[in-house]
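structure-v1.tsv, holding TSV, C-alpha atoms and all ligand atoms:
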chain	number	residue	atom	x	y	z
A	272	MET	CA	16.80	10.65	-36.32
A	273	SER	CA	16.33	8.31	-39.29
A	274	THR	CA	16.64	11.18	-41.81
A	275	LEU	CA	20.29	11.77	-41.00
A	276	VAL	CA	22.78	10.92	-43.69
A	277	ASN	CA	25.37	8.31	-42.80
A	278	ASP	CA	28.19	10.77	-42.41
A	279	GLN	CA	26.23	12.94	-40.00
A	280	ARG	CA	25.22	9.86	-37.99
A	281	GLN	CA	28.86	8.77	-37.77
A	282	GLN	CA	29.97	12.19	-36.55
A	283	LEU	CA	27.20	12.27	-33.96
A	284	GLU	CA	28.15	8.82	-32.69
A	285	GLY	CA	31.74	10.06	-32.37
A	286	LEU	CA	30.52	13.04	-30.40
A	287	TYR	CA	28.44	10.78	-28.10
A	288	ASP	CA	31.47	8.54	-27.52
A	289	GLU	CA	33.53	11.53	-26.43
A	290	MET	CA	30.82	12.95	-24.18
A	291	ARG	CA	29.80	9.70	-22.45
A	292	PRO	CA	32.79	9.48	-20.06
A	293	LYS	CA	31.99	13.05	-18.97
A	294	GLY	CA	28.40	12.18	-18.08
A	295	LEU	CA	26.92	14.07	-21.02
A	296	TYR	CA	24.21	12.67	-23.30
A	297	PRO	CA	22.07	13.99	-26.19
A	298	LEU	CA	18.49	14.52	-25.08
A	299	TRP	CA	17.29	14.19	-28.68
A	300	GLU	CA	18.16	10.47	-28.57
A	301	HIS	CA	16.25	9.94	-25.29
A	302	LEU	CA	13.37	12.41	-25.28
A	303	ALA	CA	10.67	10.03	-26.55
A	304	ALA	CA	11.50	7.45	-23.84
A	305	LEU	CA	11.79	10.06	-21.08
A	306	VAL	CA	8.59	12.01	-21.70
A	307	THR	CA	6.00	9.50	-22.86
A	308	PRO	CA	2.54	10.50	-24.07
A	309	GLU	CA	1.07	8.03	-21.56
A	310	PRO	CA	2.42	6.06	-18.56
A	311	ARG	CA	4.67	3.19	-19.67
A	312	GLY	CA	5.85	1.59	-16.45
A	313	GLN	CA	7.48	-1.78	-15.85
A	314	THR	CA	5.02	-2.82	-13.12
A	315	LYS	CA	3.26	-6.08	-14.04
A	316	ALA	CA	-0.33	-7.13	-13.29
A	317	VAL	CA	0.68	-10.04	-11.05
A	318	LYS	CA	-1.07	-12.00	-8.31
A	319	TRP	CA	-0.05	-13.97	-5.24
A	320	ASN	CA	-2.17	-16.25	-3.10
A	321	PHE	CA	-2.15	-15.84	0.65
A	322	SER	CA	-2.17	-19.55	1.52
A	323	GLU	CA	0.94	-20.19	-0.61
A	324	ILE	CA	2.85	-17.31	1.00
A	325	ARG	CA	1.64	-18.45	4.41
A	326	ASP	CA	3.37	-21.82	4.01
A	327	TYR	CA	6.72	-20.12	3.24
A	328	LEU	CA	6.20	-17.66	6.11
A	329	MET	CA	5.55	-20.49	8.58
A	330	ARG	CA	8.73	-22.21	7.39
A	331	ALA	CA	10.63	-18.96	7.98
A	332	GLY	CA	8.96	-18.90	11.41
A	333	ASP	CA	10.68	-22.20	12.25
A	334	LEU	CA	14.07	-20.77	11.28
A	335	ILE	CA	14.19	-17.18	12.58
A	336	SER	CA	12.47	-15.36	15.45
A	337	ALA	CA	10.64	-12.04	15.04
A	338	HIS	CA	13.19	-10.58	17.44
A	339	ASP	CA	16.22	-11.70	15.39
A	340	ALA	CA	14.63	-10.69	12.10
A	341	GLU	CA	13.45	-7.34	13.59
A	342	ARG	CA	10.52	-7.84	11.20
A	343	ARG	CA	9.80	-11.35	9.89
A	344	VAL	CA	8.43	-10.41	6.52
A	345	LEU	CA	8.34	-11.91	3.03
A	346	ILE	CA	8.60	-9.18	0.40
A	347	LEU	CA	6.19	-9.34	-2.55
A	348	GLU	CA	8.43	-8.03	-5.31
A	349	ASN	CA	6.90	-7.26	-8.68
A	350	PRO	CA	8.64	-9.37	-11.38
A	351	GLY	CA	8.67	-6.28	-13.59
A	352	LEU	CA	10.76	-4.41	-10.98
A	353	PRO	CA	13.53	-6.90	-10.08
A	354	GLY	CA	15.94	-5.89	-7.34
A	355	THR	CA	13.79	-2.97	-6.15
A	356	SER	CA	11.72	-4.73	-3.44
A	357	GLY	CA	8.79	-2.75	-4.89
A	358	ILE	CA	5.38	-4.20	-5.68
A	359	THR	CA	4.83	-1.04	-7.76
A	360	SER	CA	7.30	1.70	-8.67
A	361	SER	CA	6.28	3.70	-5.57
A	362	LEU	CA	5.01	1.11	-3.07
A	363	TYR	CA	6.17	-1.93	-1.19
A	364	ALA	CA	4.18	-4.93	0.07
A	365	GLY	CA	5.12	-7.72	2.42
A	366	LEU	CA	3.48	-10.36	4.58
A	367	GLN	CA	4.54	-10.30	8.21
A	368	LEU	CA	4.32	-13.19	10.68
A	369	ILE	CA	4.36	-12.89	14.47
A	370	LEU	CA	4.08	-16.11	16.43
A	371	PRO	CA	2.39	-16.35	19.85
A	372	GLY	CA	4.51	-14.71	22.55
A	373	GLU	CA	6.74	-12.87	20.08
A	374	VAL	CA	7.53	-9.17	19.89
A	375	ALA	CA	8.69	-7.12	16.90
A	376	PRO	CA	10.84	-4.48	18.63
A	377	CYS	CA	10.08	-0.76	18.68
A	378	HIS	CA	11.50	1.44	15.92
A	379	ARG	CA	10.57	4.39	13.73
A	380	HIS	CA	11.42	5.49	10.22
A	381	SER	CA	10.64	8.01	7.49
A	382	GLN	CA	8.49	5.46	5.65
A	383	CYS	CA	4.72	5.40	6.17
A	384	ALA	CA	3.21	1.96	6.76
A	385	LEU	CA	-0.19	0.35	6.82
A	386	ARG	CA	-1.09	-3.10	8.11
A	387	PHE	CA	-4.07	-5.07	6.83
A	388	VAL	CA	-4.76	-8.17	8.95
A	389	LEU	CA	-5.11	-11.40	6.95
A	390	ASP	CA	-4.87	-14.18	9.53
A	391	GLY	CA	-5.05	-14.52	13.30
A	392	ASP	CA	-6.76	-12.39	15.90
A	393	GLY	CA	-5.67	-10.43	18.94
A	394	ALA	CA	-2.05	-9.35	18.40
A	395	PHE	CA	-1.36	-5.65	18.75
A	396	THR	CA	0.45	-2.82	17.06
A	397	ALA	CA	1.49	-0.03	19.40
A	398	VAL	CA	1.93	3.44	17.91
A	399	ASP	CA	3.73	5.92	20.14
A	400	GLY	CA	2.90	3.64	23.09
A	401	GLU	CA	-0.81	3.15	22.34
A	402	LYS	CA	-1.95	-0.35	21.40
A	403	ALA	CA	-4.44	-1.20	18.68
A	404	VAL	CA	-5.81	-4.72	19.02
A	405	MET	CA	-5.62	-6.33	15.57
A	406	ARG	CA	-8.64	-8.27	14.33
A	407	PRO	CA	-9.10	-9.90	10.91
A	408	PHE	CA	-9.26	-7.31	8.08
A	409	ASP	CA	-8.58	-4.36	10.38
A	410	LEU	CA	-6.51	-1.54	8.89
A	411	ILE	CA	-3.81	-0.14	11.17
A	412	LEU	CA	-1.48	2.76	10.32
A	413	THR	CA	2.01	3.56	11.48
A	414	PRO	CA	2.57	7.03	9.98
A	415	ASN	CA	6.10	8.21	9.26
A	416	TRP	CA	8.40	8.83	12.21
A	417	GLN	CA	5.99	7.43	14.80
A	418	TRP	CA	7.40	4.78	17.14
A	419	HIS	CA	5.84	1.38	16.59
A	420	ASP	CA	6.16	-2.15	17.87
A	421	HIS	CA	4.06	-5.29	17.47
A	422	GLY	CA	3.35	-8.13	19.88
A	423	ASN	CA	1.39	-11.33	19.67
A	424	VAL	CA	-0.37	-11.97	22.98
A	425	SER	CA	-2.88	-14.30	21.29
A	426	GLY	CA	-2.51	-18.09	21.10
A	427	LYS	CA	-2.26	-18.25	17.29
A	428	PRO	CA	0.10	-17.05	14.55
A	429	MET	CA	-0.75	-13.58	13.28
A	430	ILE	CA	-0.17	-12.56	9.66
A	431	TRP	CA	-0.80	-9.22	8.04
A	432	LEU	CA	-0.09	-7.37	4.82
A	433	ASP	CA	2.43	-4.54	5.26
A	434	GLY	CA	2.07	-1.68	2.77
A	435	LEU	CA	4.80	0.96	2.81
A	436	ASP	CA	6.01	3.84	0.63
A	437	ILE	CA	9.60	2.50	0.63
A	438	PRO	CA	10.30	3.12	-3.11
A	439	THR	CA	8.89	6.66	-2.79
A	440	VAL	CA	11.14	7.51	0.15
A	441	HIS	CA	14.06	5.89	-1.70
A	442	HIS	CA	13.27	8.03	-4.75
A	443	PHE	CA	13.67	11.17	-2.64
A	444	ASP	CA	16.73	9.75	-0.82
A	445	ALA	CA	15.05	10.74	2.42
A	446	SER	CA	15.23	7.59	4.57
A	447	PHE	CA	15.97	7.86	8.28
A	448	ALA	CA	15.41	5.11	10.83
A	449	GLU	CA	16.17	4.45	14.47
A	450	LYS	CA	15.61	1.77	17.07
A	451	LEU	CA	14.20	2.62	20.46
A	452	GLY	CA	16.54	0.14	22.12
A	453	GLN	CA	13.69	-1.48	24.05
A	454	GLU	CA	11.34	-4.22	22.90
A	455	ALA	CA	8.27	-2.07	23.42
A	456	MET	CA	7.57	1.54	24.18
A	457	SER	CA	6.11	2.16	27.63
A	458	GLU	CA	2.36	2.46	27.45
A	459	SER	CA	1.26	6.07	26.84
A	460	ALA	CA	-2.52	5.46	26.70
A	461	PRO	CA	-5.00	2.60	27.12
A	462	ALA	CA	-5.53	0.31	24.11
A	463	ASP	CA	-7.78	1.82	21.41
A	464	ASP	CA	-7.75	5.21	23.15
A	465	SER	CA	-7.45	7.26	19.94
A	466	MET	CA	-10.35	5.36	18.34
A	467	ARG	CA	-12.54	6.41	21.26
A	468	ARG	CA	-11.48	10.02	20.80
A	469	TYR	CA	-11.29	10.35	17.00
A	470	GLY	CA	-13.02	7.33	15.47
A	471	ARG	CA	-16.62	8.54	15.10
A	472	ASN	CA	-16.48	11.49	12.69
A	473	LEU	CA	-15.98	13.78	15.66
A	474	ARG	CA	-12.88	14.99	17.43
A	475	PRO	CA	-12.15	16.51	20.81
A	476	MET	CA	-12.28	20.30	20.64
A	477	ARG	CA	-8.93	21.72	19.56
A	478	GLY	CA	-6.99	22.94	22.56
A	479	SER	CA	-8.92	20.76	25.02
A	480	THR	CA	-7.05	18.30	27.23
A	481	ALA	CA	-8.80	15.43	25.40
A	482	ASP	CA	-7.11	16.33	22.09
A	483	ARG	CA	-3.99	14.31	22.70
A	484	ARG	CA	-2.86	12.63	19.47
A	485	PRO	CA	-0.74	14.43	16.83
A	486	THR	CA	-3.21	16.90	15.32
A	487	GLU	CA	-2.35	16.08	11.73
A	488	LEU	CA	-2.92	12.30	12.03
A	489	PRO	CA	-4.94	11.42	15.12
A	490	LEU	CA	-6.44	8.05	14.12
A	491	PHE	CA	-4.48	4.91	13.29
A	492	HIS	CA	-6.99	2.06	13.59
A	493	TYR	CA	-9.88	1.37	11.19
A	494	PRO	CA	-11.56	-1.86	12.36
A	495	TYR	CA	-13.19	-4.27	9.92
A	496	SER	CA	-16.39	-4.27	12.01
A	497	GLU	CA	-16.78	-0.56	11.26
A	498	TRP	CA	-15.71	-0.28	7.63
A	499	ARG	CA	-17.69	-3.41	6.66
A	500	HIS	CA	-20.77	-1.98	8.33
A	501	SER	CA	-20.32	1.25	6.36
A	502	LEU	CA	-19.95	-0.68	3.09
A	503	THR	CA	-23.12	-2.66	3.84
A	504	SER	CA	-24.98	0.57	4.62
A	505	LEU	CA	-23.78	2.18	1.39
A	506	ALA	CA	-24.86	-0.89	-0.60
A	507	GLU	CA	-28.32	-0.62	0.97
A	508	ALA	CA	-28.53	3.09	0.24
A	509	ASP	CA	-27.51	3.27	-3.40
A	510	ALA	CA	-26.86	1.37	-6.63
A	511	PRO	CA	-23.20	0.49	-7.20
A	512	ASP	CA	-21.09	2.95	-9.16
A	513	PRO	CA	-20.75	1.40	-12.64
A	514	HIS	CA	-16.93	1.67	-12.61
A	515	LEU	CA	-16.08	1.13	-8.93
A	516	GLY	CA	-18.95	-0.76	-7.31
A	517	HIS	CA	-19.64	0.46	-3.78
A	518	ALA	CA	-16.37	2.14	-2.80
A	519	LEU	CA	-15.31	3.91	0.39
A	520	GLU	CA	-12.00	5.64	1.00
A	521	PHE	CA	-10.39	5.59	4.46
A	522	LEU	CA	-10.02	9.14	5.71
A	523	ASN	CA	-7.90	11.12	8.09
A	524	PRO	CA	-10.51	12.67	10.40
A	525	ALA	CA	-8.29	15.71	10.99
A	526	ASN	CA	-8.73	17.01	7.46
A	527	GLY	CA	-10.92	14.65	5.41
A	528	GLY	CA	-7.89	13.75	3.27
A	529	ALA	CA	-6.01	10.53	2.64
A	530	ILE	CA	-4.91	8.36	5.59
A	531	MET	CA	-1.22	9.23	5.19
A	532	PRO	CA	0.80	11.77	3.17
A	533	THR	CA	1.89	9.23	0.54
A	534	ILE	CA	-0.66	6.40	0.72
A	535	SER	CA	-4.42	6.26	0.08
A	536	ALA	CA	-6.55	3.23	0.90
A	537	HIS	CA	-10.08	2.15	0.13
A	538	VAL	CA	-12.48	-0.77	0.26
A	539	ARG	CA	-15.06	-1.74	-2.30
A	540	LEU	CA	-17.98	-4.13	-2.50
A	541	LEU	CA	-19.20	-5.61	-5.78
A	542	PRO	CA	-22.58	-7.34	-5.53
A	543	ALA	CA	-22.86	-10.95	-6.77
A	544	GLY	CA	-23.15	-10.94	-10.57
A	545	PHE	CA	-21.99	-7.30	-10.89
A	546	GLU	CA	-19.65	-6.49	-13.75
A	547	SER	CA	-17.83	-3.19	-13.52
A	548	ARG	CA	-17.11	-0.99	-16.51
A	549	GLY	CA	-13.49	-0.22	-17.31
A	550	ARG	CA	-11.56	2.41	-15.43
A	551	LYS	CA	-7.90	3.35	-15.39
A	552	SER	CA	-5.91	5.65	-13.13
A	553	THR	CA	-2.30	6.69	-12.67
A	554	ASP	CA	-2.08	5.23	-9.16
A	555	ALA	CA	-0.94	1.62	-9.46
A	556	THR	CA	-2.96	-0.19	-6.80
A	557	VAL	CA	-2.33	-3.23	-4.60
A	558	PHE	CA	-5.52	-5.15	-3.84
A	559	THR	CA	-6.37	-7.99	-1.54
A	560	VAL	CA	-9.54	-10.07	-1.72
A	561	VAL	CA	-11.29	-9.94	1.65
A	562	GLU	CA	-14.45	-11.83	0.74
A	563	GLY	CA	-15.98	-13.56	-2.27
A	564	SER	CA	-14.68	-14.45	-5.69
A	565	GLY	CA	-14.69	-13.22	-9.26
A	566	GLN	CA	-12.52	-12.22	-12.18
A	567	ALA	CA	-10.36	-9.18	-12.87
A	568	GLN	CA	-9.32	-8.01	-16.30
A	569	ILE	CA	-6.25	-5.81	-15.93
A	570	GLY	CA	-5.24	-4.45	-19.33
A	571	GLU	CA	-4.70	-7.62	-21.37
A	572	ILE	CA	-4.31	-9.86	-18.30
A	573	GLU	CA	-7.11	-11.97	-16.77
A	574	GLN	CA	-6.81	-12.91	-13.11
A	575	GLY	CA	-9.23	-15.15	-11.22
A	576	LEU	CA	-9.96	-13.68	-7.80
A	577	LYS	CA	-10.53	-15.62	-4.61
A	578	HIS	CA	-10.21	-15.00	-0.90
A	579	GLY	CA	-6.62	-14.24	0.09
A	580	ASP	CA	-5.40	-13.17	-3.35
A	581	ILE	CA	-3.13	-10.15	-3.50
A	582	PHE	CA	-2.94	-8.55	-6.95
A	583	VAL	CA	-1.53	-5.48	-8.64
A	584	VAL	CA	-3.22	-3.12	-11.07
A	585	PRO	CA	-0.42	-1.10	-12.71
A	586	SER	CA	-0.75	2.58	-13.61
A	587	TRP	CA	-3.01	3.31	-16.59
A	588	HIS	CA	-4.12	-0.31	-17.03
A	589	THR	CA	-7.88	-0.58	-17.51
A	590	LEU	CA	-9.46	-2.59	-14.71
A	591	ARG	CA	-12.75	-4.46	-15.10
A	592	ILE	CA	-14.03	-6.66	-12.30
A	593	ARG	CA	-16.70	-9.35	-12.41
A	594	ALA	CA	-18.05	-10.54	-9.07
A	595	THR	CA	-19.18	-14.17	-8.94
A	596	ASP	CA	-20.18	-13.99	-5.27
A	597	GLU	CA	-20.36	-10.71	-3.38
A	598	LEU	CA	-16.79	-9.49	-3.65
A	599	VAL	CA	-15.07	-7.28	-1.06
A	600	LEU	CA	-11.65	-5.79	-1.85
A	601	PHE	CA	-9.14	-3.71	0.08
A	602	GLY	CA	-6.76	-1.57	-1.98
A	603	TYR	CA	-3.93	0.89	-1.38
A	604	SER	CA	-2.06	3.17	-3.75
A	605	ASP	CA	0.09	6.30	-3.99
A	606	ARG	CA	-2.89	8.45	-5.02
A	607	ALA	CA	-2.36	10.66	-1.93
A	608	ALA	CA	1.15	11.55	-3.13
A	609	GLN	CA	0.17	11.98	-6.79
A	610	GLU	CA	-2.67	14.35	-5.94
A	611	LYS	CA	-0.30	16.56	-3.95
A	612	LEU	CA	2.12	16.61	-6.87
A	613	GLY	CA	-0.60	17.40	-9.43
A	614	LEU	CA	0.02	14.10	-11.24
A	615	TYR	CA	-3.11	12.07	-10.55
A	616	ARG	CA	-5.39	11.24	-13.48
A	617	GLU	CA	-8.15	8.77	-14.11
A	618	ALA	CA	-10.27	7.86	-17.12
A	619	LYS	CA	-13.36	5.78	-17.66
A	620	ALA	CA	-13.75	3.31	-20.50
B	701	LIG	C1	8.52	-2.05	9.17
B	701	LIG	O1	8.80	-1.12	10.07
B	701	LIG	C2	7.57	-3.01	9.44
B	701	LIG	O2	7.05	-2.10	11.57
B	701	LIG	C3	7.25	-3.95	8.50
B	701	LIG	O3	6.14	-3.94	11.02
B	701	LIG	C4	7.88	-4.00	7.28
B	701	LIG	C5	9.54	-3.11	5.80
B	701	LIG	C6	10.53	-2.24	5.53
B	701	LIG	C7	10.85	-1.25	6.44
B	701	LIG	C8	10.19	-1.16	7.64
B	701	LIG	C9	6.86	-3.00	10.77
B	701	LIG	C10	8.87	-3.06	7.00
B	701	LIG	C11	9.19	-2.09	7.93
Is it possible to give me this structure as structure tokens?
Ligand code: 1HN
Amino acid sequence: MSTLVNDQRQQLEGLYDEMRPKGLYPLWEHLAALVTPEPRGQTKAVKWNFSEIRDYLMRAGDLISAHDAERRVLILENPGLPGTSGITSSLYAGLQLILPGEVAPCHRHSQCALRFVLDGDGAFTAVDGEKAVMRPFDLILTPNWQWHDHGNVSGKPMIWLDGLDIPTVHHFDASFAEKLGQEAMSESAPADDSMRRYGRNLRPMRGSTADRRPTELPLFHYPYSEWRHSLTSLAEADAPDPHLGHALEFLNPANGGAIMPTISAHVRLLPAGFESRGRKSTDATVFTVVEGSGQAQIGEIEQGLKHGDIFVVPSWHTLRIRATDELVLFGYSDRAAQEKLGLYREAKA
């Protein structure tokens, strides 16, 4: 617009002033910012450390019960997205604490959630009345609109990472939620029942009495013992991918697709001394360091990585990872949603 003569500019400004109160704006002043040639989000490449958050969580644990809080969670809000409760523009992350003997009461909502266990052993998440026993670094899903409650029947505090699609649901203005009105749902199946039925790359024949979970999302527990074994096997079978290391995506056994409609999750192993080549993708990703240590270069930002770190790789920021010791990462992103919408892209550097 710089070629306009002063008089024209003045008249346009007058026009804008008149239109503004009527909710009308000139696209030609906004087009470049609205439709960018490449992603230009506000999400920052930040990092938290588990042990620091844990101290604050334990202090919150002295002051409010899981029952009173409904969910005793500290939100990890991205400093680039203040006031949104988002860790990225589409995803939320929080750390949840349940103390021994406590219950987080049963509810359901439109938002999809995953839990990744960081500390403690032996609490449970029940989904539609079926318990999954939570062990360190297990992945547990509570897909949208399924009843879920948590309880800590172990003797130690239990802390996990909650990953939800809250900003995505907010974007569509499609949030519904309800409480069951009881602490826990009555038991509908023995603990780990769906893992026995659906957890081994097989499923009960459709239409048989054994096929009892919702057909579209039958499995909700991916234990560390199993995914770690698969990663080890992959690392023995093949050289690491130059950009990803050894990487495995968690799958929905019903269709071979992502674990939930809006959220994808994966794990990766980078051998000691391995240095990945650069890769960028449109799905901003939340990572946590399960094992080992190293260094991540995220765009222009360098982050040291150690056990318990939670860090963000924003959309279209080139990620390079150097593993000092054998490094194992868990990551989740909105790739599942972007692929459905035809938006997902990645590029190698
Ligand atoms: C939720 O349902 C849980 O069930 C945790 O543990 C965190 C954050 C926002 C909305 C719902 C849970 C949540 C949440």
Test item: residues lying within 10 Å of ligand LIG 701 (chain B) with only C-alpha atoms and all ligand atoms, as an NGL selection string: :A and (341-346 or 356 or 363-369 or 375-386 or 396-398 or 412-413 or 415 or 418-421 or 431-437 or 448)
Using all atoms listed in the file: which of A:Ser496, A:Gln609, A:Gln574, A:Ser552 has the shortest distance to A:Trp587: A:Ser552
Within 9 Å of A:Gly312 using all atoms listed in the file, minus same-chain residues under 2 positions, as JSON, numbers by chain: {"A": [310, 314, 315, 351, 360, 585, 586]}
Would you mind exporting C-alpha atoms of the selected residues as a CSV table (one decimal), in the coordinates of the input?
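Contents of result32.csv, freshly written:
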chain,number,residue,atom,x,y,z
A,310,PRO,CA,2.4,6.1,-18.6
A,314,THR,CA,5.0,-2.8,-13.1
A,315,LYS,CA,3.3,-6.1,-14.0
A,351,GLY,CA,8.7,-6.3,-13.6
A,360,SER,CA,7.3,1.7,-8.7
A,585,PRO,CA,-0.4,-1.1,-12.7
A,586,SER,CA,-0.8,2.6,-13.6
Distance in Å - atom CA of A:Asp444 versus atom CA of A:Asp554: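 Distance between the two atoms: 21.1 Å.
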Contact residues around stretch 499-506 of chain A with all atoms listed in the file at 10 Å, ignoring same-chain residues under 3 positions, as number ranges by chain: A: 408-409, 494-496, 509-511, 516-519, 538-542, 599
For the point (4.4, -4.6, -8.5) in file coordinates, what residues are within 10 Å, counting all atoms listed in the file? Give the answer as a CSV table (one decimal) with C-alpha atoms, in the frame of the given file?
chain,number,residue,atom,x,y,z
A,313,GLN,CA,7.5,-1.8,-15.8
A,314,THR,CA,5.0,-2.8,-13.1
A,315,LYS,CA,3.3,-6.1,-14.0
A,316,ALA,CA,-0.3,-7.1,-13.3
A,317,VAL,CA,0.7,-10.0,-11.0
A,318,LYS,CA,-1.1,-12.0,-8.3
A,347,LEU,CA,6.2,-9.3,-2.6
A,348,GLU,CA,8.4,-8.0,-5.3
A,349,ASN,CA,6.9,-7.3,-8.7
A,350,PRO,CA,8.6,-9.4,-11.4
A,351,GLY,CA,8.7,-6.3,-13.6
A,352,LEU,CA,10.8,-4.4,-11.0
A,353,PRO,CA,13.5,-6.9,-10.1
A,355,THR,CA,13.8,-3.0,-6.2
A,356,SER,CA,11.7,-4.7,-3.4
A,357,GLY,CA,8.8,-2.8,-4.9
A,358,ILE,CA,5.4,-4.2,-5.7
A,359,THR,CA,4.8,-1.0,-7.8
A,360,SER,CA,7.3,1.7,-8.7
A,361,SER,CA,6.3,3.7,-5.6
A,362,LEU,CA,5.0,1.1,-3.1
A,363,TYR,CA,6.2,-1.9,-1.2
A,364,ALA,CA,4.2,-4.9,0.1
A,555,ALA,CA,-0.9,1.6,-9.5
A,556,THR,CA,-3.0,-0.2,-6.8
A,557,VAL,CA,-2.3,-3.2,-4.6
A,582,PHE,CA,-2.9,-8.6,-7.0
A,583,VAL,CA,-1.5,-5.5,-8.6
A,584,VAL,CA,-3.2,-3.1,-11.1
A,585,PRO,CA,-0.4,-1.1,-12.7
Exercise: A:Gly579 partners within 12 Å, all atoms listed in the file, chain neighbours under 4 positions left out, as a PyMOL selection string: chain A and resi 318-325+366+387-390+407-408+430-432+558-564+575+598-601
A:Glu300 environment, 12 Å, all atoms listed in the file, sequence neighbours closer than 3 positions dropped, as a VMD selection string: chain A and resid 272 to 273 280 283 to 284 287 296 to 297 303 to 306
Nearest residue to A:Leu370 from the set A:His492, A:Arg406, A:Arg591, A:Lys427 (distances using only C-alpha atoms): A:Lys427
Å distance separating atom CA of A:Leu614 from atom CA of A:Asn472, one decimal place: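 The value is 29.2 Å.
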Interatomic distance (Å, one decimal) between atom CA of A:Glu373 and atom CA of A:His338: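 These two atoms are separated by 7.3 Å.
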Within 9 Å of file point (-16.3, -9.1, -13.0), counting all atoms listed in the file, expressed as an MDAnalysis selection string: chainID A and resid 541 544:548 565:568 591:595
Non-local contacts of A:Pro371 (6 Å; only C-alpha atoms; under 6 positions in same chain excluded) as a list of chain:residue names: A:Asn423, A:Ser425, A:Gly426, A:Lys427, A:Pro428
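Compared by their closest atoms to A:Leu490, and using all atoms listed in the file, the residues A:Asp463, A:Glu289, A:Asp580, A:Glu617 rank with A:Asp463 nearest.
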Of the listed residues A:Val440, A:Val404, A:Leu522, A:Val374, that which approaches A:Asp464 most closely, counting all atoms listed in the file: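 That would be A:Val404, the residue with the smallest distance to A:Asp464.
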Selected residue of minimal separation from A:Gly527 among A:Leu488, A:Ala455, A:Ala481, A:Leu334, counting all atoms listed in the file: A:Leu488
Using only C-alpha atoms: which of A:Leu515, A:Met476, A:Met456, A:Ala607 has the shortest distance to A:Ala529: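 Selected residue with least distance to A:Ala529: A:Ala607.
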Just so I have it separately, write stretch 587-600 of chain A from the block I sent, keeping N, CA and C atoms, as a compact mmCIF listing (two decimals), in the first residue's frame.
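Okay, result.txt is ready:
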# COMPACT_ATOMS: atom_id res chain seq x y z
N TRP A 587 6.81 -26.07 12.02
CA TRP A 587 7.74 -25.60 10.97
C TRP A 587 9.04 -25.03 11.55
N HIS A 588 9.43 -25.54 12.73
CA HIS A 588 10.75 -25.25 13.30
C HIS A 588 11.61 -26.50 13.07
N THR A 589 12.77 -26.31 12.47
CA THR A 589 13.64 -27.46 12.20
C THR A 589 14.19 -28.03 13.50
N LEU A 590 13.99 -29.34 13.67
CA LEU A 590 14.47 -30.03 14.87
C LEU A 590 15.67 -30.90 14.52
N ARG A 591 16.74 -30.72 15.29
CA ARG A 591 17.90 -31.61 15.22
C ARG A 591 18.16 -32.10 16.63
N ILE A 592 18.39 -33.40 16.78
CA ILE A 592 18.64 -33.94 18.12
C ILE A 592 19.98 -34.66 18.15
N ARG A 593 20.74 -34.38 19.20
CA ARG A 593 21.99 -35.10 19.45
C ARG A 593 21.81 -35.91 20.72
N ALA A 594 22.09 -37.20 20.64
CA ALA A 594 21.95 -38.06 21.82
C ALA A 594 23.32 -38.23 22.46
N THR A 595 23.43 -37.87 23.73
CA THR A 595 24.68 -38.11 24.46
C THR A 595 24.69 -39.58 24.88
N ASP A 596 23.73 -39.95 25.75
CA ASP A 596 23.47 -41.36 26.03
C ASP A 596 22.29 -41.77 25.15
N GLU A 597 22.00 -43.04 25.13
CA GLU A 597 20.81 -43.51 24.40
C GLU A 597 19.59 -42.72 24.89
N LEU A 598 18.94 -42.07 23.95
CA LEU A 598 17.87 -41.13 24.28
C LEU A 598 16.53 -41.71 23.83
N VAL A 599 15.56 -41.73 24.75
CA VAL A 599 14.22 -42.21 24.41
C VAL A 599 13.22 -41.09 24.68
N LEU A 600 12.44 -40.74 23.66
CA LEU A 600 11.48 -39.64 23.77
C LEU A 600 10.08 -40.14 23.49
